[in-house]
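One structure below.
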Amino acid sequence: MTWFLMPIVIKYAVKRSIIDQPNERKIHEGNIPRIGGVVFVPIALFLSLVALFPVLIQFIPIDVRINFALQILAILLLFVVGCIDDIKGLRYRNKFIAQFISGVLLCCSDLYITNLHGVFGIYEIPEMCGWAITVFAVIYCTNAFNFIDGVDGQAALLAITAFVYYGFVLMSGSGIIYIPICVIMIVCLMVYLRYNVWGNPENQTKTFMGDAGSLSLGCLILILGCVVNSTNVIDESQGVNVFIKAFAPLFLPCLDVVRVVIHRSREGRNLFEADKNHIHHKLLAYGWSPNKVSMSVCVMNVVIILLSIVMARYLNCNIVIIVLLALWTALNMWLTKSIMKNKRTMI
């Protein structure tokens with residue numbers, strides 16, 4: 001369905017001028033539609049519900065079905081807002097309101113963070129604190145995933161990595177109902193990559209994901225993380241820390257946002273003003289091609305996930321977070337120094 005509909009929607013978007021035009025902040029050439037998410041997100045969600053329908057009707061209690069529907073509604077809300085932003089443009093305040101409502105919907109679905117599993121020395125938390133943390137996490141993580149979508153294929157590859165990871169982690173317990181979504185989304189994203197990475201603007205076969213895709217994917221990945229965080233409460237002396245296990249695929253985009261926000265604060269700039277200080281911008285400035293950058297960021301993400309899981313088996317979760325922060329800081333400092341060195345050499 002994605003393969004069939006994508007070229008049709010691309011041609012329609014070009015005809016209606018629903019396109020992303022180049023400017024001083026963007027690296028692409030040509031007018032390219034930003035409707036990839038408009039195609040694959042509803043297809044993936046619809047087919048996932050079709051696949052799950054017999055199970056939901058026959059084996060899942062009514063309250064669980066209602067909660068699952070609220071979670072899908074939270075994703076759809078961000079999808080609709082993303083579509084409006086891709087077509088007409090929205091102020092970031094309006095997107096924040098939608099993200100806030102999506103976070104509340106997740107909490108109403110009984111899917112919110114109730115345990116930090118030792119992060120900052122905190123374990124079980126009161127319900128209202130859990131709601132506040134979850135709403136903040138939705139706003140933070142969906143924006144982080146939106147910001148990381150800056151190079152062809154990058155956001156899609158990070159999402160595929162996350163869905164593969166959660167597909168294995170959720171193979172047991174109540175989280176198994178989310179596996180069809182992971183599998184179908186992986187297939188849709190692989191088709192999207194064909195039109196994103198290998199598409200040609202002149203032939204009207206290239207598209208970007210757009211906010212409809214990145215916001216929806218960020219929300220879905222966070223939902224999967226919350227599911228793991230709530231269904232894998234184990235004796236952490238005999239296994240991986242649950243918090244690390246639950247949110248490892250989100251560490252890279254979240255770390256990138258932290259560094260960018262700190263950088264903007266130090267320069268006294270608007271925290272929500274777009275710039276070229278994300279990890280992919282630095283790698284491009286270092287001299288790498290867009291395809292090499294997206295593959296490298298994907299490899300970084302896999303390394304961070306594996307390193308987090310291994311360390312979390314033997315070290316306190318706070319030490320794991322400190323080590324990741326230190327490594328990320330060291331990487332960015334090295335990149336900045338190398339870029340400045342290259343510029344001086346060119347001069």
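Simple scheme: letters A, B, ... for chains in structure tokens order, numbers from 1 for residues in each chain, numbers from 1 for ligands in the order shown.
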Worksheet entry | Spatial neighbours of A:Ile319, max dist 12 Å, only C-alpha atoms, sep filter under 2 positions, as a list of chain:residue names | A:Gly118, A:Val119, A:Phe120, A:Gly121, A:Asn241, A:Ile244, A:Ser308, A:Met311, A:Ala312, A:Arg313, A:Tyr314, A:Leu315, A:Asn316, A:Cys317, A:Ile321, A:Ile322, A:Val323, A:Leu324, A:Leu325, A:Ala326
Near stretch 82-92 of chain A, 9 Å: stretch 212-294 of chain A residue rows, closest pairs, only C-alpha atoms, as JSON lines:
{"residue": "A:Ala212", "atom": "CA", "partner": "A:Gly82", "partner_atom": "CA", "distance": 3.8}
{"residue": "A:Gly213", "atom": "CA", "partner": "A:Gly82", "partner_atom": "CA", "distance": 7.3}
{"residue": "A:Ser214", "atom": "CA", "partner": "A:Gly82", "partner_atom": "CA", "distance": 8.2}
{"residue": "A:Leu215", "atom": "CA", "partner": "A:Gly82", "partner_atom": "CA", "distance": 6.7}
{"residue": "A:Ser216", "atom": "CA", "partner": "A:Gly82", "partner_atom": "CA", "distance": 8.0}
{"residue": "A:Phe272", "atom": "CA", "partner": "A:Tyr92", "partner_atom": "CA", "distance": 7.8}
Just write the chosen residues, C-alpha atoms, as a short mmCIF file (atom, residue, chain, number, x, y, z; two decimals), in the first residue's frame.
data_model
loop_
_atom_site.label_atom_id
_atom_site.label_comp_id
_atom_site.auth_asym_id
_atom_site.auth_seq_id
_atom_site.Cartn_x
_atom_site.Cartn_y
_atom_site.Cartn_z
CA ALA A 212 3.30 14.14 10.33
CA GLY A 213 5.84 11.33 10.26
CA SER A 214 8.44 12.48 12.79
CA LEU A 215 5.96 13.54 15.51
CA SER A 216 3.95 10.31 15.12
CA PHE A 272 12.97 27.00 19.78
#
Tell me, counting only C-alpha atoms, for each residue of stretch 26-57 of chain A within 7 Å of stretch 199-208 of chain A, which pair of atoms is nearest and how far apart they are in Å to one decimal, in rows ordered by chain and increasing number, as a tab-separated table.
residue	atom	partner	partner_atom	distance
A:Gly30	CA	A:Pro201	CA	6.5
A:Ile32	CA	A:Thr207	CA	5.8
A:Pro33	CA	A:Thr207	CA	5.0
A:Arg34	CA	A:Phe208	CA	4.3
A:Ile35	CA	A:Phe208	CA	6.3
A:Gly36	CA	A:Phe208	CA	5.6
Item to complete: Extract, using only C-alpha atoms, all DNA, RNA and protein residues at most 10 Å from A:Gly175, discarding same-chain residues fewer than 5 positions from it, and format them as a ChimeraX atom specification.
Response: /A:166-167,169-170,224,227-228,230-232
Residues from the last selection, C-alpha atoms, saved as a PDB file, in the first residue's frame:
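So the final result, stored in out_33.pdb, reads:
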ATOM      1  CA  TYR A 166      11.193  -3.091  20.923  1.00  0.00           C
ATOM      2  CA  GLY A 167       9.980  -5.966  18.751  1.00  0.00           C
ATOM      3  CA  VAL A 169      11.989  -6.747  23.988  1.00  0.00           C
ATOM      4  CA  LEU A 170       8.172  -7.023  23.865  1.00  0.00           C
ATOM      5  CA  LEU A 224       6.708   1.495  23.442  1.00  0.00           C
ATOM      6  CA  VAL A 227       5.134  -0.099  27.915  1.00  0.00           C
ATOM      7  CA  VAL A 228       8.533  -1.698  28.597  1.00  0.00           C
ATOM      8  CA  SER A 230       5.691  -0.556  33.139  1.00  0.00           C
ATOM      9  CA  THR A 231       5.630  -4.256  32.186  1.00  0.00           C
ATOM     10  CA  ASN A 232       9.231  -5.240  32.917  1.00  0.00           C
TER      11      ASN A 232
END
Discussion item. Which residue is closest to A:Leu158? Choose from A:Phe251, A:Tyr178, A:Phe136, A:Phe100 and count only C-alpha atoms.
Written reply: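 Between A:Phe251, A:Tyr178, A:Phe136, A:Phe100, the residue approaching A:Leu158 most closely is A:Phe251.
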Worksheet item: So which residues of stretch 102-146 of chain A fall under helix (DSSP H, G or I) by DSSP, listed as a VMD selection string?
Response: chain A and resid 102 to 108 119 to 121 127 to 146
Worksheet item: Which polymer residues have any atom within 7 Å of an atom of stretch 298-307 of chain A, counting only C-alpha atoms, with same-chain residues fewer than 6 positions away left out, as JSON, numbers by chain?
Response: {"A": [154, 157, 158, 248, 249, 252]}
Worksheet item: So, counting only C-alpha atoms, which residue among A:Val164, A:Met295, A:Met171, A:Ile10 is closest to A:Leu189?
Response: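 Comparing A:Val164, A:Met295, A:Met171, A:Ile10 against A:Leu189, the winner is A:Val164.
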Item to complete: Counting only C-alpha atoms, figure out which residue out of A:Lys11, A:Val80, A:His278, A:Ile101 gets nearest to A:His263.
Response: A:His278
Just list the residues in stretch 17-249 of chain A DSSP gives strand (DSSP E) on the backbone, as a short mmCIF file (atom, residue, chain, number, x, y, z; two decimals) with N, CA and C atoms, in the first residue's frame.
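What landed in states_23.cif:
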data_model
loop_
_atom_site.label_atom_id
_atom_site.label_comp_id
_atom_site.auth_asym_id
_atom_site.auth_seq_id
_atom_site.Cartn_x
_atom_site.Cartn_y
_atom_site.Cartn_z
N ILE A 19 5.28 21.70 -0.66
CA ILE A 19 6.68 21.36 -0.85
C ILE A 19 7.55 22.05 0.18
N ASP A 20 8.76 21.51 0.33
CA ASP A 20 9.76 22.09 1.21
C ASP A 20 10.79 22.78 0.34
N ILE A 32 10.85 19.80 -2.72
CA ILE A 32 10.54 18.40 -2.41
C ILE A 32 9.32 18.34 -1.49
N PRO A 33 8.33 17.52 -1.81
CA PRO A 33 7.15 17.36 -0.93
C PRO A 33 7.56 16.77 0.42
#
Sort by chain and increasing residue number a table of all residues of stretch 66-99 of chain A within 10 Å of stretch 43-50 of chain A, each with its closest pair of atoms and their distance in Å to one decimal, counting only C-alpha atoms, and write it as a Markdown table.
| residue | atom | partner | partner_atom | distance |
| --- | --- | --- | --- | --- |
| A:Ala69 | CA | A:Leu49 | CA | 9.8 |
| A:Ile72 | CA | A:Leu45 | CA | 7.9 |
| A:Ile75 | CA | A:Leu45 | CA | 9.3 |
| A:Leu76 | CA | A:Leu45 | CA | 9.0 |
